Each structure stands twice: as C-alpha cells, then as structure tokens.
Amino acid sequence: MNKIFFLLLLFTAFSFAQEANKKNKIIRGFVFEDYLIPAQVEISVKGTDLKTFTDADGKFVIQAKLDDVLVISSFGERPIEITVTEKNCYTAQLFKDTGLYYYTKKAARIVKKIRRKAMRKYKQGFYDCDD
C-alpha cells in the first residue's frame with residue numbers, strides 16, 4: 001500500500017513540475033522599422049486573445065508561456081512570428097517594401113528627428129535587452 005501511495009505522490013509531483021514550466025511570464029521587447037525607427041504595431045500571442053501594442057518608443061510588454069508564439073503584425077506587412085524561449089526580452093526588425101517613398105520636406109524632417117531621438121536612446125542603452 002505504501003508503494004502505491006509513494007508512486008501516486010511521485011507522479012503528482014512530476015505533473016506539477018511540468019505545469020510550473022508552462023507558467024506565464026512577462027515578455028518585453030522592442031520593434032523597429034527601417035533604420036532604427038520605433039514601430040507602432042500589434043503584438044499578440046498566437047492561439048489566444050492576448051494582445052498589446054507597442055508604444056511610441058517601439059516598446060511592448062505581454063504575458064506568455066514558454067513555447068508560445070508571439071505574432072508581430074503591422075498593416076500591409078507579413079507578420080513576424082517569434083517563439084518564446086527562456087529569454088524575457090526580444091527585438092524585432094520590420095522592413096518596409098523597397099518601393100519609392102515620396103516625402104515632403106516637412107515629412108523628411110520629422111523622420112530625421114525621430115531617427116535622431118531613437119539613436120540617442122539607443123546609445124544610452126534604452127533598447128538593451130539585458131535579462
């Protein structure tokens with residue numbers, strides 16, 4: 001009787017250990033477009049209703065489990081899928097279509113200003129993924 005009880009207890013402990021491995025964890029990261037411009041896109045966990053959006057600095061925070069798939073999607077672009085591993089921080093780079101862009105002088109100044117601001121933050125370590 002004691003052997004059966006011990007085996008039952010052992011199997012129960014193994015099942016809890018496997019569940020503990022699949023606990024939600026906080027995932028953070030950054031998404032950029034061409035030339036280090038922070039992107040404002042949607043981040044979702046595939047197969048669930050969990051989703052979030054990046055802020056003006058391209059930063060996001062979402063809860064996911066180990067082996068979940070993060071889907072980074074932007075209007076008019078193919079989604080990027082990232083499988084969650086032991087890491088807690090991810091960086092994704094989106095590339096726009098290489099078609100010609102027609103900028104006004106004012107729009108070009110704004111893009112230049114955004115790039116300078118992002119580059120300054122990059123040099124200060126704002127976008128570092130130190131776990």
# chains A, B, ... in the order shown; residues from 1 in each chain; ligands from 1
call {"tool": "residues_around", "arguments": {"residues": "region 117-120 of chain A", "least_positions_apart": "4", "cutoff": "10 Å", "atoms": "only C-alpha atoms", "output": "PyMOL selection string"}}
result
chain A and resi 32+35-38+57-58+111-113+124-127
call {"tool": "write_last_selection", "arguments": {"atoms": "C-alpha atoms", "output": "PDB file, in the first residue's frame"}}
result
ATOM      1  CA  PHE A  32      11.816  48.702 -35.139  1.00  0.00           C
ATOM      2  CA  TYR A  35      16.811  52.498 -39.943  1.00  0.00           C
ATOM      3  CA  LEU A  36      16.027  52.268 -36.231  1.00  0.00           C
ATOM      4  CA  ILE A  37      12.662  53.984 -36.297  1.00  0.00           C
ATOM      5  CA  PRO A  38      10.481  52.615 -33.468  1.00  0.00           C
ATOM      6  CA  ASP A  57       9.384  54.048 -28.488  1.00  0.00           C
ATOM      7  CA  GLY A  58       8.616  50.645 -30.049  1.00  0.00           C
ATOM      8  CA  VAL A 111      11.550  61.241 -39.902  1.00  0.00           C
ATOM      9  CA  LYS A 112      15.069  62.601 -39.368  1.00  0.00           C
ATOM     10  CA  LYS A 113      14.081  63.918 -35.929  1.00  0.00           C
ATOM     11  CA  GLN A 124      22.063  55.482 -23.810  1.00  0.00           C
ATOM     12  CA  GLY A 125      21.090  51.809 -23.554  1.00  0.00           C
ATOM     13  CA  PHE A 126      17.309  52.309 -23.595  1.00  0.00           C
ATOM     14  CA  TYR A 127      16.831  49.468 -26.097  1.00  0.00           C
TER      15      TYR A 127
END
call {"tool": "residues_around", "arguments": {"residues": "Ile72 (chain A)", "least_positions_apart": "4", "cutoff": "8 Å", "atoms": "only C-alpha atoms", "output": "number ranges by chain"}}
result
A: 41-44, 79-81
call {"tool": "atom_distance", "arguments": {"atom1": "CA of Gly47 (chain A)", "atom2": "CA of Val69 (chain A)"}}
result
8.4 Å
call {"tool": "closest_residue", "arguments": {"among": "A:Arg109, A:Arg28, A:Arg116, A:Arg78", "to": "Lys59 (chain A)", "atoms": "only C-alpha atoms"}}
result
A:Arg28
call {"tool": "residues_around", "arguments": {"residues": "Ile27 (chain A)", "least_positions_apart": "3", "cutoff": "7 Å", "atoms": "only C-alpha atoms", "output": "list in words"}}
result
Val61, Ile62, Gln63, Ala64, Asn88 and Cys89 of chain A
call {"tool": "atom_distance", "arguments": {"atom1": "CA of Thr54 (chain A)", "atom2": "CA of Val31 (chain A)"}}
result
7.5 Å
call {"tool": "atom_distance", "arguments": {"atom1": "CA of Tyr90 (chain A)", "atom2": "CA of Ile110 (chain A)"}}
result
27.1 Å
call {"tool": "decode", "arguments": {"residues": "region 61-76 of chain A", "atoms": "all heavy atoms", "output": "mmCIF file, in the first residue's frame"}}
result
data_model
loop_
_atom_site.group_PDB
_atom_site.id
_atom_site.type_symbol
_atom_site.label_atom_id
_atom_site.label_comp_id
_atom_site.auth_asym_id
_atom_site.auth_seq_id
_atom_site.Cartn_x
_atom_site.Cartn_y
_atom_site.Cartn_z
ATOM 1 N N VAL A 61 5.121 45.055 -23.764
ATOM 2 C CA VAL A 61 5.129 44.126 -22.638
ATOM 3 C C VAL A 61 3.894 43.257 -22.774
ATOM 4 O O VAL A 61 2.789 43.767 -22.992
ATOM 5 C CB VAL A 61 5.093 44.868 -21.276
ATOM 6 C CG1 VAL A 61 5.016 43.885 -20.137
ATOM 7 C CG2 VAL A 61 6.291 45.773 -21.115
ATOM 8 N N ILE A 62 4.070 41.922 -22.668
ATOM 9 C CA ILE A 62 2.942 40.993 -22.783
ATOM 10 C C ILE A 62 3.257 39.745 -21.963
ATOM 11 O O ILE A 62 4.422 39.434 -21.728
ATOM 12 C CB ILE A 62 2.675 40.631 -24.274
ATOM 13 C CG1 ILE A 62 1.333 39.956 -24.444
ATOM 14 C CG2 ILE A 62 3.811 39.804 -24.848
ATOM 15 C CD1 ILE A 62 0.867 39.866 -25.891
ATOM 16 N N GLN A 63 2.217 39.052 -21.517
ATOM 17 C CA GLN A 63 2.405 37.797 -20.790
ATOM 18 C C GLN A 63 2.300 36.637 -21.774
ATOM 19 O O GLN A 63 1.405 36.608 -22.609
ATOM 20 C CB GLN A 63 1.353 37.622 -19.707
ATOM 21 C CG GLN A 63 1.576 38.486 -18.505
ATOM 22 C CD GLN A 63 0.657 38.096 -17.363
ATOM 23 O OE1 GLN A 63 -0.251 37.287 -17.520
ATOM 24 N NE2 GLN A 63 0.906 38.669 -16.211
ATOM 25 N N ALA A 64 3.223 35.689 -21.640
ATOM 26 C CA ALA A 64 3.207 34.500 -22.499
ATOM 27 C C ALA A 64 3.866 33.344 -21.757
ATOM 28 O O ALA A 64 4.542 33.545 -20.750
ATOM 29 C CB ALA A 64 3.944 34.775 -23.799
ATOM 30 N N LYS A 65 3.635 32.152 -22.267
ATOM 31 C CA LYS A 65 4.242 30.951 -21.691
ATOM 32 C C LYS A 65 5.398 30.499 -22.574
ATOM 33 O O LYS A 65 5.506 30.908 -23.731
ATOM 34 C CB LYS A 65 3.206 29.831 -21.614
ATOM 35 C CG LYS A 65 2.062 30.131 -20.689
ATOM 36 C CD LYS A 65 1.037 29.021 -20.731
ATOM 37 C CE LYS A 65 -0.130 29.384 -19.848
ATOM 38 N NZ LYS A 65 -1.360 28.781 -20.263
ATOM 39 N N LEU A 66 6.222 29.653 -22.015
ATOM 40 C CA LEU A 66 7.308 29.053 -22.768
ATOM 41 C C LEU A 66 6.726 28.306 -23.971
ATOM 42 O O LEU A 66 5.687 27.647 -23.850
ATOM 43 C CB LEU A 66 8.072 28.085 -21.864
ATOM 44 C CG LEU A 66 9.402 27.578 -22.339
ATOM 45 C CD1 LEU A 66 10.396 28.734 -22.438
ATOM 46 C CD2 LEU A 66 9.937 26.534 -21.393
ATOM 47 N N ASP A 67 7.316 28.433 -25.116
ATOM 48 C CA ASP A 67 6.907 27.818 -26.390
ATOM 49 C C ASP A 67 5.677 28.462 -27.024
ATOM 50 O O ASP A 67 5.223 27.988 -28.059
ATOM 51 C CB ASP A 67 6.682 26.306 -26.251
ATOM 52 C CG ASP A 67 7.953 25.564 -25.887
ATOM 53 O OD1 ASP A 67 9.028 26.026 -26.305
ATOM 54 O OD2 ASP A 67 7.872 24.534 -25.195
ATOM 55 N N ASP A 68 5.127 29.531 -26.432
ATOM 56 C CA ASP A 68 4.080 30.289 -27.114
ATOM 57 C C ASP A 68 4.711 31.015 -28.299
ATOM 58 O O ASP A 68 5.920 31.213 -28.353
ATOM 59 C CB ASP A 68 3.441 31.323 -26.180
ATOM 60 C CG ASP A 68 2.346 30.729 -25.308
ATOM 61 O OD1 ASP A 68 1.957 29.573 -25.540
ATOM 62 O OD2 ASP A 68 1.884 31.427 -24.385
ATOM 63 N N VAL A 69 3.872 31.421 -29.241
ATOM 64 C CA VAL A 69 4.366 32.139 -30.415
ATOM 65 C C VAL A 69 3.828 33.561 -30.386
ATOM 66 O O VAL A 69 2.613 33.773 -30.324
ATOM 67 C CB VAL A 69 3.935 31.434 -31.723
ATOM 68 C CG1 VAL A 69 4.371 32.226 -32.939
ATOM 69 C CG2 VAL A 69 4.510 30.026 -31.768
ATOM 70 N N LEU A 70 4.740 34.538 -30.389
ATOM 71 C CA LEU A 70 4.364 35.941 -30.476
ATOM 72 C C LEU A 70 4.235 36.307 -31.939
ATOM 73 O O LEU A 70 5.118 35.998 -32.742
ATOM 74 C CB LEU A 70 5.406 36.839 -29.817
ATOM 75 C CG LEU A 70 5.688 36.615 -28.346
ATOM 76 C CD1 LEU A 70 6.768 37.582 -27.875
ATOM 77 C CD2 LEU A 70 4.444 36.790 -27.514
ATOM 78 N N VAL A 71 3.139 36.968 -32.294
ATOM 79 C CA VAL A 71 2.912 37.392 -33.671
ATOM 80 C C VAL A 71 2.971 38.919 -33.704
ATOM 81 O O VAL A 71 2.194 39.587 -33.037
ATOM 82 C CB VAL A 71 1.551 36.906 -34.195
ATOM 83 C CG1 VAL A 71 1.333 37.371 -35.625
ATOM 84 C CG2 VAL A 71 1.448 35.390 -34.109
ATOM 85 N N ILE A 72 3.915 39.444 -34.461
ATOM 86 C CA ILE A 72 4.086 40.886 -34.604
ATOM 87 C C ILE A 72 3.533 41.262 -35.961
ATOM 88 O O ILE A 72 4.055 40.830 -36.993
ATOM 89 C CB ILE A 72 5.570 41.277 -34.490
ATOM 90 C CG1 ILE A 72 6.112 40.814 -33.139
ATOM 91 C CG2 ILE A 72 5.754 42.767 -34.687
ATOM 92 C CD1 ILE A 72 7.600 40.895 -33.005
ATOM 93 N N SER A 73 2.462 42.039 -35.962
ATOM 94 C CA SER A 73 1.821 42.347 -37.234
ATOM 95 C C SER A 73 1.599 43.846 -37.378
ATOM 96 O O SER A 73 1.270 44.539 -36.430
ATOM 97 C CB SER A 73 0.485 41.605 -37.360
ATOM 98 O OG SER A 73 -0.354 41.918 -36.287
ATOM 99 N N SER A 74 1.809 44.288 -38.589
ATOM 100 C CA SER A 74 1.618 45.681 -38.951
ATOM 101 C C SER A 74 0.790 45.708 -40.224
ATOM 102 O O SER A 74 0.859 44.794 -41.034
ATOM 103 C CB SER A 74 2.975 46.342 -39.180
ATOM 104 O OG SER A 74 2.814 47.676 -39.590
ATOM 105 N N PHE A 75 0.041 46.763 -40.410
ATOM 106 C CA PHE A 75 -0.814 46.876 -41.580
ATOM 107 C C PHE A 75 0.018 46.809 -42.853
ATOM 108 O O PHE A 75 0.998 47.515 -43.010
ATOM 109 C CB PHE A 75 -1.608 48.184 -41.536
ATOM 110 C CG PHE A 75 -2.501 48.373 -42.717
ATOM 111 C CD1 PHE A 75 -3.660 47.633 -42.829
ATOM 112 C CD2 PHE A 75 -2.174 49.249 -43.722
ATOM 113 C CE1 PHE A 75 -4.490 47.786 -43.922
ATOM 114 C CE2 PHE A 75 -2.982 49.408 -44.827
ATOM 115 C CZ PHE A 75 -4.147 48.677 -44.927
ATOM 116 N N GLY A 76 -0.365 45.923 -43.760
ATOM 117 C CA GLY A 76 0.281 45.836 -45.060
ATOM 118 C C GLY A 76 1.594 45.080 -45.076
ATOM 119 O O GLY A 76 2.293 45.108 -46.072
#
